[in-house]
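To start, the structure under review is shown below, and the notes come after it.
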Amino acid sequence: MRGFYRVWRLVQVVLVSSCAMGPSHALATEIVSAPVSAIVNNATTPNPDLVDDFNDGNNINYWNGTMGPMNGDGGLITKCYFDTMVYQSAGRSLHLEYSLPVAGSWSGYYIPLGRARNLSNYRQLSFFIRGVTGREHMKIQIENASTDESRKKSVLSLHDYLDTGVTDSFHKVTIPLDSFANLDSFANVTQISFIFDRTYADSSGFDSSGTVFIDDISFSATPISSPDVLRVDYFPDNFGPGPLGGQMGSGGGGVINYVNTDYLLCPRALMSSYRPGSSHFILLGGGEKGWTAKPCRFSRYKKFQFYVRADSPVSVTIKIMSGSNLEYHLLVNVTTEWKFKSFVLTSGANLNMSSVKQIDITYESGSGTVCYGKMEFSE
Ligand SMILES: [Ca+2]
């Protein structure tokens with residue numbers, strides 16, 4: 001991605017004026033072209049979990065990674081360290097202004113962690129974000145140093161973890177590291193990236209250009225809640241890949257729609273239109289372009305739960321699938337009222353929670369619609 005750097009520098013000369021549209025002193029923090037040796041990171045690291053708060057206004061974060069913008073396939077981006085739009089009352093934030101003028105274009109910002117880091121004791125990644133119009137979008141990617149090309153990157157969508165959506169005030173985004181399910185290890189993590197993707201914007205009705213401010217990127221060993229949950233999907237967008245980074249699809253004539261007219265306690269619901277023998281699958285990991293589920297170490301989680309209702313009563317079989325072709329079948333009786341369903345998951349003859357790969361929803365008979373909301377694993 002750094003191959004784009006030379007092109008980026010040319011683009012930046014043109015775009016830098018858009019950064020200058022802010023307060024004039026904001027432009028003074030634009031030092032992307034400074035040689036690394038000239039940058040002195042003289043700020044004292046506030047705490048060891050903080051990757052960067054951007055307060056020192058330079059490209060080297062507290063974990064000693066040199067950060068920068070990236071772009072491709074026609075996407076553009078410009079960045080500043082902005083000192084009037086910050087999460088805390090003082091300092092600076094990362095200001096990213098992206099433009100994705102053609103189909104397939106993307107841009108982003110990479111945040112290396114200095115070297116391969118063992119994050120095994122951390123539970124979550126968090127940062128603060130605000131936008132301008134409320135129609136901004138973003139993806140978050142984590143990479144490791146794996147030799148397995150198919151498992152060294154995991155990319156998730158911001159809106160799967162920001163129930164308010166982006167607004168013109170700062171919101172904290174917290175993502176369990178377990179959600180980056182496509183990664184095969186957290187013992188060798190090398191980089192975080194923020195990515196703006198035209199394909200995703202188009203599919204979910206977001207603007208193709210926008211501005212976001214990001215602050216206080218941090219890891220934490222503290223669980224988000226007790227019991228902690230891992231989102232399978234809350235269905236906030238029209239994008240197939242969900243909060244665990246895998247694809248969703250249908251077989252046997254089943255149809256999936258994401259609806260905001262029939263929901264409970266979540267932004268939207270998954271509406272499943274079924275007929276005898278139809279099914280849906282949710283892959284865990286595998287990425288946006290992959291169709292192979294990846295075994296995930298979810299031993300921490302003891303339950304699978306969701307909200308569900310149907311247009312007429314129906315029995316649904318949900319299959320939790322794990323390595324060695326194990327399948328754990330849950331029989332769910334669905335009524336016309338929204339109900340919360342929670343099932344205890346126990347590793348045994350039919351399930352291995354250290355290699356969970358896929359969730360299948362299957363219907364043996366009948367036809368109609370079933371809506372699902374807030375599907376998750378829970379401790
Ligand atoms: Ca800051």
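The way I read the labels, and the way they are meant: chains A, B, ... in the order of the structure tokens, residue 1 as the first residue of every chain, and ligand 1 as the first ligand shown, with later ones counted on from there.
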Nearby residues, ligand 1, 9 Å, only C-alpha atoms and all ligand atoms, as a list in words: Asp52, Asp53, Phe54, Asn55, Asp56, Tyr81, Phe82, Asp83, Met85, Val86, Tyr87, Gln88, Ser89, Ala90, Gly91, Arg92, Ser93, Leu94, Ile214, Asp215 and Asp216 of chain A
Close residues, Ser315 in chain A itself excluded, 7 Å, only C-alpha atoms, min 3 positions apart in chain, as a PyMOL selection string: chain A and resi 331-334
Could you save those same residues with N, CA and C atoms as a PDB file, in the first residue's frame?
ATOM      1  N   LEU A 331     -33.047 -26.390  18.379  1.00  0.00           N
ATOM      2  CA  LEU A 331     -34.409 -26.324  17.844  1.00  0.00           C
ATOM      3  C   LEU A 331     -35.116 -25.119  18.468  1.00  0.00           C
ATOM      4  N   VAL A 332     -35.573 -24.219  17.617  1.00  0.00           N
ATOM      5  CA  VAL A 332     -36.133 -22.960  18.092  1.00  0.00           C
ATOM      6  C   VAL A 332     -37.592 -22.870  17.654  1.00  0.00           C
ATOM      7  N   ASN A 333     -38.492 -22.777  18.630  1.00  0.00           N
ATOM      8  CA  ASN A 333     -39.906 -22.585  18.311  1.00  0.00           C
ATOM      9  C   ASN A 333     -40.197 -21.086  18.296  1.00  0.00           C
ATOM     10  N   VAL A 334     -40.540 -20.578  17.132  1.00  0.00           N
ATOM     11  CA  VAL A 334     -40.709 -19.141  16.947  1.00  0.00           C
ATOM     12  C   VAL A 334     -42.191 -18.817  16.876  1.00  0.00           C
TER      13      VAL A 334
END
Shell around Ser312 in chain A at 12 Å using only C-alpha atoms, local window under 2 positions removed, as JSON, numbers by chain: {"A": [273, 274, 308, 309, 310, 314, 315, 333, 334, 335, 336, 337, 338, 366, 367, 368, 369, 370, 371]}
For Tyr258 in chain A, the nearest of the candidates A:Leu50, A:Phe281, A:Ser204, A:Val132, counting only C-alpha atoms: A:Ser204
Atomic separation - CA of Arg275 in chain A relative to CA of Gly253 in chain A, Å: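 Those two atoms sit 6.9 Å apart.
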Contact residues around range 160-163 of chain A with only C-alpha atoms at 10 Å, ignoring same-chain residues under 6 positions, as a PyMOL selection string: chain A and resi 129+139+171-176+231-237+239+241-244+266-267
Nearby residues (only C-alpha atoms) at most 7 Å from Thr199 in chain A, same-chain spacing under 3 positions excluded, as number ranges by chain: A: 103-104, 202-203
Members of range 14-187 of chain A assigned strand (DSSP E) by DSSP, as a PDB file with N, CA and C atoms, in the first residue's frame:
ATOM      1  N   LEU A  50      -2.348   3.013  25.251  1.00  0.00           N
ATOM      2  CA  LEU A  50      -2.747   4.020  24.282  1.00  0.00           C
ATOM      3  C   LEU A  50      -1.822   3.973  23.067  1.00  0.00           C
ATOM      4  N   VAL A  51      -2.381   3.675  21.903  1.00  0.00           N
ATOM      5  CA  VAL A  51      -1.572   3.643  20.676  1.00  0.00           C
ATOM      6  C   VAL A  51      -1.236   5.061  20.246  1.00  0.00           C
ATOM      7  N   ASP A  52      -2.251   5.944  20.225  1.00  0.00           N
ATOM      8  CA  ASP A  52      -1.964   7.360  19.976  1.00  0.00           C
ATOM      9  C   ASP A  52      -3.162   8.221  20.333  1.00  0.00           C
ATOM     10  N   GLY A  68       0.444   6.804   8.314  1.00  0.00           N
ATOM     11  CA  GLY A  68       0.297   7.599   7.103  1.00  0.00           C
ATOM     12  C   GLY A  68      -0.945   7.245   6.308  1.00  0.00           C
ATOM     13  N   PRO A  69      -1.274   8.101   5.350  1.00  0.00           N
ATOM     14  CA  PRO A  69      -2.431   7.865   4.500  1.00  0.00           C
ATOM     15  C   PRO A  69      -2.119   6.871   3.391  1.00  0.00           C
ATOM     16  N   MET A  70      -3.143   6.225   2.865  1.00  0.00           N
ATOM     17  CA  MET A  70      -2.971   5.300   1.739  1.00  0.00           C
ATOM     18  C   MET A  70      -4.226   5.394   0.869  1.00  0.00           C
ATOM     19  N   ASN A  71      -4.067   5.033  -0.399  1.00  0.00           N
ATOM     20  CA  ASN A  71      -5.224   5.110  -1.295  1.00  0.00           C
ATOM     21  C   ASN A  71      -4.993   4.212  -2.495  1.00  0.00           C
ATOM     22  N   GLY A  72      -6.097   3.908  -3.222  1.00  0.00           N
ATOM     23  CA  GLY A  72      -5.966   3.078  -4.400  1.00  0.00           C
ATOM     24  C   GLY A  72      -7.217   3.095  -5.260  1.00  0.00           C
ATOM     25  N   LEU A  76      -9.116   8.977  -2.834  1.00  0.00           N
ATOM     26  CA  LEU A  76      -8.261  10.053  -2.355  1.00  0.00           C
ATOM     27  C   LEU A  76      -8.430  10.215  -0.853  1.00  0.00           C
ATOM     28  N   ILE A  77      -7.395  10.742  -0.216  1.00  0.00           N
ATOM     29  CA  ILE A  77      -7.503  11.044   1.209  1.00  0.00           C
ATOM     30  C   ILE A  77      -6.497  12.122   1.572  1.00  0.00           C
ATOM     31  N   THR A  78      -6.871  12.954   2.495  1.00  0.00           N
ATOM     32  CA  THR A  78      -5.916  13.898   3.060  1.00  0.00           C
ATOM     33  C   THR A  78      -6.058  13.863   4.565  1.00  0.00           C
ATOM     34  N   LYS A  79      -4.955  14.064   5.250  1.00  0.00           N
ATOM     35  CA  LYS A  79      -5.013  13.988   6.715  1.00  0.00           C
ATOM     36  C   LYS A  79      -4.324  15.204   7.345  1.00  0.00           C
ATOM     37  N   CYS A  80      -4.835  15.589   8.483  1.00  0.00           N
ATOM     38  CA  CYS A  80      -4.215  16.608   9.334  1.00  0.00           C
ATOM     39  C   CYS A  80      -4.300  16.106  10.768  1.00  0.00           C
ATOM     40  N   TYR A  81      -3.508  16.708  11.615  1.00  0.00           N
ATOM     41  CA  TYR A  81      -3.716  16.533  13.054  1.00  0.00           C
ATOM     42  C   TYR A  81      -4.375  17.814  13.531  1.00  0.00           C
ATOM     43  N   PHE A  82      -5.640  17.726  13.822  1.00  0.00           N
ATOM     44  CA  PHE A  82      -6.500  18.894  13.975  1.00  0.00           C
ATOM     45  C   PHE A  82      -6.561  19.276  15.449  1.00  0.00           C
ATOM     46  N   SER A  93      -6.615  15.840  17.241  1.00  0.00           N
ATOM     47  CA  SER A  93      -7.196  14.579  16.787  1.00  0.00           C
ATOM     48  C   SER A  93      -6.711  14.303  15.375  1.00  0.00           C
ATOM     49  N   LEU A  94      -6.927  13.089  14.935  1.00  0.00           N
ATOM     50  CA  LEU A  94      -6.614  12.714  13.550  1.00  0.00           C
ATOM     51  C   LEU A  94      -7.800  13.117  12.670  1.00  0.00           C
ATOM     52  N   HIS A  95      -7.536  13.953  11.688  1.00  0.00           N
ATOM     53  CA  HIS A  95      -8.577  14.459  10.787  1.00  0.00           C
ATOM     54  C   HIS A  95      -8.366  13.806   9.433  1.00  0.00           C
ATOM     55  N   LEU A  96      -9.336  13.018   8.976  1.00  0.00           N
ATOM     56  CA  LEU A  96      -9.241  12.330   7.688  1.00  0.00           C
ATOM     57  C   LEU A  96     -10.373  12.805   6.791  1.00  0.00           C
ATOM     58  N   GLU A  97      -9.986  13.258   5.598  1.00  0.00           N
ATOM     59  CA  GLU A  97     -10.971  13.725   4.618  1.00  0.00           C
ATOM     60  C   GLU A  97     -10.819  12.827   3.387  1.00  0.00           C
ATOM     61  N   TYR A  98     -11.837  11.994   3.142  1.00  0.00           N
ATOM     62  CA  TYR A  98     -11.720  11.009   2.074  1.00  0.00           C
ATOM     63  C   TYR A  98     -12.680  11.335   0.938  1.00  0.00           C
ATOM     64  N   SER A  99     -12.282  10.928  -0.251  1.00  0.00           N
ATOM     65  CA  SER A  99     -13.130  11.084  -1.429  1.00  0.00           C
ATOM     66  C   SER A  99     -12.962   9.839  -2.287  1.00  0.00           C
ATOM     67  N   TRP A 106     -10.863   3.260  -3.011  1.00  0.00           N
ATOM     68  CA  TRP A 106     -10.711   3.175  -1.550  1.00  0.00           C
ATOM     69  C   TRP A 106      -9.573   4.094  -1.117  1.00  0.00           C
ATOM     70  N   SER A 107      -9.590   4.428   0.161  1.00  0.00           N
ATOM     71  CA  SER A 107      -8.454   5.115   0.755  1.00  0.00           C
ATOM     72  C   SER A 107      -8.440   4.791   2.236  1.00  0.00           C
ATOM     73  N   GLY A 108      -7.403   5.238   2.938  1.00  0.00           N
ATOM     74  CA  GLY A 108      -7.339   4.876   4.345  1.00  0.00           C
ATOM     75  C   GLY A 108      -6.138   5.483   5.039  1.00  0.00           C
ATOM     76  N   TYR A 109      -5.901   4.966   6.236  1.00  0.00           N
ATOM     77  CA  TYR A 109      -4.829   5.481   7.079  1.00  0.00           C
ATOM     78  C   TYR A 109      -4.262   4.313   7.852  1.00  0.00           C
ATOM     79  N   TYR A 110      -2.950   4.104   7.743  1.00  0.00           N
ATOM     80  CA  TYR A 110      -2.358   2.937   8.403  1.00  0.00           C
ATOM     81  C   TYR A 110      -1.648   3.347   9.687  1.00  0.00           C
ATOM     82  N   ILE A 111      -1.762   2.473  10.677  1.00  0.00           N
ATOM     83  CA  ILE A 111      -1.229   2.727  12.019  1.00  0.00           C
ATOM     84  C   ILE A 111      -0.412   1.513  12.439  1.00  0.00           C
ATOM     85  N   PRO A 112       0.864   1.455  12.050  1.00  0.00           N
ATOM     86  CA  PRO A 112       1.693   0.314  12.452  1.00  0.00           C
ATOM     87  C   PRO A 112       1.952   0.362  13.964  1.00  0.00           C
ATOM     88  N   LEU A 113       2.193  -0.791  14.531  1.00  0.00           N
ATOM     89  CA  LEU A 113       2.405  -0.879  15.984  1.00  0.00           C
ATOM     90  C   LEU A 113       3.890  -1.002  16.338  1.00  0.00           C
ATOM     91  N   GLY A 114       4.760  -0.599  15.427  1.00  0.00           N
ATOM     92  CA  GLY A 114       6.190  -0.563  15.719  1.00  0.00           C
ATOM     93  C   GLY A 114       6.887  -1.883  15.472  1.00  0.00           C
ATOM     94  N   ARG A 115       6.278  -2.958  15.857  1.00  0.00           N
ATOM     95  CA  ARG A 115       6.786  -4.319  15.635  1.00  0.00           C
ATOM     96  C   ARG A 115       5.613  -5.270  15.891  1.00  0.00           C
ATOM     97  N   ALA A 116       5.838  -6.556  15.694  1.00  0.00           N
ATOM     98  CA  ALA A 116       4.774  -7.533  15.987  1.00  0.00           C
ATOM     99  C   ALA A 116       4.510  -7.528  17.488  1.00  0.00           C
ATOM    100  N   ARG A 117       3.281  -7.272  17.851  1.00  0.00           N
ATOM    101  CA  ARG A 117       2.912  -7.113  19.264  1.00  0.00           C
ATOM    102  C   ARG A 117       2.055  -8.284  19.725  1.00  0.00           C
ATOM    103  N   GLN A 124     -10.060  -5.743  23.947  1.00  0.00           N
ATOM    104  CA  GLN A 124     -10.788  -4.870  23.037  1.00  0.00           C
ATOM    105  C   GLN A 124      -9.900  -3.766  22.474  1.00  0.00           C
ATOM    106  N   LEU A 125     -10.324  -3.273  21.322  1.00  0.00           N
ATOM    107  CA  LEU A 125      -9.759  -2.079  20.687  1.00  0.00           C
ATOM    108  C   LEU A 125     -10.812  -0.981  20.794  1.00  0.00           C
ATOM    109  N   SER A 126     -10.385   0.232  21.132  1.00  0.00           N
ATOM    110  CA  SER A 126     -11.352   1.326  21.187  1.00  0.00           C
ATOM    111  C   SER A 126     -10.751   2.598  20.598  1.00  0.00           C
ATOM    112  N   PHE A 127     -11.630   3.477  20.150  1.00  0.00           N
ATOM    113  CA  PHE A 127     -11.231   4.819  19.694  1.00  0.00           C
ATOM    114  C   PHE A 127     -12.477   5.689  19.701  1.00  0.00           C
ATOM    115  N   PHE A 128     -12.264   6.978  19.542  1.00  0.00           N
ATOM    116  CA  PHE A 128     -13.380   7.921  19.453  1.00  0.00           C
ATOM    117  C   PHE A 128     -13.463   8.428  18.016  1.00  0.00           C
ATOM    118  N   ILE A 129     -14.696   8.640  17.555  1.00  0.00           N
ATOM    119  CA  ILE A 129     -14.870   9.129  16.185  1.00  0.00           C
ATOM    120  C   ILE A 129     -16.042  10.111  16.130  1.00  0.00           C
ATOM    121  N   ARG A 130     -15.909  11.139  15.321  1.00  0.00           N
ATOM    122  CA  ARG A 130     -17.034  12.004  14.988  1.00  0.00           C
ATOM    123  C   ARG A 130     -16.964  12.342  13.506  1.00  0.00           C
ATOM    124  N   LYS A 139     -14.123   1.399   7.762  1.00  0.00           N
ATOM    125  CA  LYS A 139     -13.826   0.031   8.178  1.00  0.00           C
ATOM    126  C   LYS A 139     -12.583   0.049   9.051  1.00  0.00           C
ATOM    127  N   ILE A 140     -12.469  -0.967   9.883  1.00  0.00           N
ATOM    128  CA  ILE A 140     -11.313  -1.101  10.760  1.00  0.00           C
ATOM    129  C   ILE A 140     -10.653  -2.435  10.442  1.00  0.00           C
ATOM    130  N   GLN A 141      -9.363  -2.378  10.162  1.00  0.00           N
ATOM    131  CA  GLN A 141      -8.638  -3.605   9.819  1.00  0.00           C
ATOM    132  C   GLN A 141      -7.500  -3.826  10.800  1.00  0.00           C
ATOM    133  N   ILE A 142      -7.293  -5.062  11.205  1.00  0.00           N
ATOM    134  CA  ILE A 142      -6.114  -5.439  11.988  1.00  0.00           C
ATOM    135  C   ILE A 142      -5.348  -6.493  11.202  1.00  0.00           C
ATOM    136  N   GLU A 143      -4.030  -6.344  11.213  1.00  0.00           N
ATOM    137  CA  GLU A 143      -3.165  -7.305  10.511  1.00  0.00           C
ATOM    138  C   GLU A 143      -2.190  -7.938  11.494  1.00  0.00           C
ATOM    139  N   ASN A 144      -1.812  -9.176  11.213  1.00  0.00           N
ATOM    140  CA  ASN A 144      -0.743  -9.792  11.992  1.00  0.00           C
ATOM    141  C   ASN A 144       0.358 -10.285  11.048  1.00  0.00           C
ATOM    142  N   LYS A 153      -5.238 -10.866   7.888  1.00  0.00           N
ATOM    143  CA  LYS A 153      -5.978  -9.608   7.942  1.00  0.00           C
ATOM    144  C   LYS A 153      -7.407  -9.902   8.356  1.00  0.00           C
ATOM    145  N   SER A 154      -7.967  -8.990   9.127  1.00  0.00           N
ATOM    146  CA  SER A 154      -9.381  -9.085   9.460  1.00  0.00           C
ATOM    147  C   SER A 154      -9.951  -7.681   9.409  1.00  0.00           C
ATOM    148  N   VAL A 155     -11.033  -7.507   8.650  1.00  0.00           N
ATOM    149  CA  VAL A 155     -11.593  -6.163   8.467  1.00  0.00           C
ATOM    150  C   VAL A 155     -13.068  -6.167   8.853  1.00  0.00           C
ATOM    151  N   LEU A 156     -13.452  -5.159   9.643  1.00  0.00           N
ATOM    152  CA  LEU A 156     -14.819  -5.045  10.158  1.00  0.00           C
ATOM    153  C   LEU A 156     -15.374  -3.670   9.806  1.00  0.00           C
ATOM    154  N   SER A 157     -16.690  -3.543   9.846  1.00  0.00           N
ATOM    155  CA  SER A 157     -17.332  -2.277   9.509  1.00  0.00           C
ATOM    156  C   SER A 157     -17.650  -1.491  10.779  1.00  0.00           C
ATOM    157  N   HIS A 171     -18.160   9.791  19.570  1.00  0.00           N
ATOM    158  CA  HIS A 171     -18.660   8.570  20.190  1.00  0.00           C
ATOM    159  C   HIS A 171     -17.504   7.591  20.338  1.00  0.00           C
ATOM    160  N   LYS A 172     -17.547   6.823  21.417  1.00  0.00           N
ATOM    161  CA  LYS A 172     -16.534   5.801  21.610  1.00  0.00           C
ATOM    162  C   LYS A 172     -16.954   4.525  20.886  1.00  0.00           C
ATOM    163  N   VAL A 173     -16.045   3.965  20.132  1.00  0.00           N
ATOM    164  CA  VAL A 173     -16.259   2.692  19.451  1.00  0.00           C
ATOM    165  C   VAL A 173     -15.407   1.645  20.169  1.00  0.00           C
ATOM    166  N   THR A 174     -16.033   0.561  20.567  1.00  0.00           N
ATOM    167  CA  THR A 174     -15.308  -0.500  21.261  1.00  0.00           C
ATOM    168  C   THR A 174     -15.540  -1.818  20.532  1.00  0.00           C
ATOM    169  N   ILE A 175     -14.477  -2.461  20.141  1.00  0.00           N
ATOM    170  CA  ILE A 175     -14.588  -3.697  19.366  1.00  0.00           C
ATOM    171  C   ILE A 175     -13.818  -4.801  20.089  1.00  0.00           C
ATOM    172  N   PRO A 176     -14.483  -5.895  20.458  1.00  0.00           N
ATOM    173  CA  PRO A 176     -13.737  -7.010  21.051  1.00  0.00           C
ATOM    174  C   PRO A 176     -12.696  -7.539  20.060  1.00  0.00           C
TER     175      PRO A 176
END
Residue nearest Ser226 in chain A - candidates A:Gly75, A:His137, A:Tyr301, A:Met271, atoms counted: only C-alpha atoms: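 Looking only at the distances to Ser226 in chain A, the closest residue turns out to be A:Tyr301.
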All residues 8 Å or closer to range 342-346 of chain A, only C-alpha atoms, same chain fewer than 5 positions away omitted, as a ChimeraX atom specification: /A:301-306,330,351-353
Every residue of range 142-261 of chain A that DSSP places in alpha helix (DSSP H), as a list in words: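 Filtering range 142-261 of chain A down to alpha helix (DSSP H) leaves Arg198, Thr199, Tyr200, Ala201, Asp202, Ser203 and Ser204 of chain A.
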Option closest in space to Val189 in chain A, from A:Gln358, A:Asn118, A:Ser347, A:Ser250 [counting only C-alpha atoms]: A:Asn118
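Our summary of the geometry notes that CA of Asp197 in chain A is positioned 20.5 Å from CA of Arg151 in chain A.
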Using only C-alpha atoms, find each residue of range 297-341 of chain A with at least one atom at most 12 Å away from an atom of range 177-184 of chain A; report its shortest atom-to-atom pair and that distance in Å (one decimal), sort the rows by chain and rising residue number, and return the result as CSV.
residue,atom,partner,partner_atom,distance
A:Arg297,CA,A:Asp178,CA,8.1
A:Phe298,CA,A:Asp178,CA,7.6
A:Ser299,CA,A:Asp178,CA,10.6
A:Arg300,CA,A:Asp178,CA,9.6
A:Tyr301,CA,A:Asp178,CA,10.4
Would you save the residues of that selection, restricted to C-alpha atoms, as a tab-separated table (two decimals), in the first residue's frame?
chain	number	residue	atom	x	y	z
A	297	ARG	CA	-11.36	-19.75	19.27
A	298	PHE	CA	-14.57	-18.76	21.04
A	299	SER	CA	-14.11	-20.96	24.14
A	300	ARG	CA	-14.67	-17.88	26.26
A	301	TYR	CA	-18.33	-17.76	25.21
Point-to-point distance in Å for CA of Asp262 in chain A and CA of Asp311 in chain A: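 That distance, rounded to one decimal, is 10.8 Å.
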Nearest-residue call for Ser218 in chain A, choices A:Arg123, A:Arg135, A:His159, A:Lys152, using only C-alpha atoms: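 Answer, going by the shortest atom-to-atom distance: A:Arg123.
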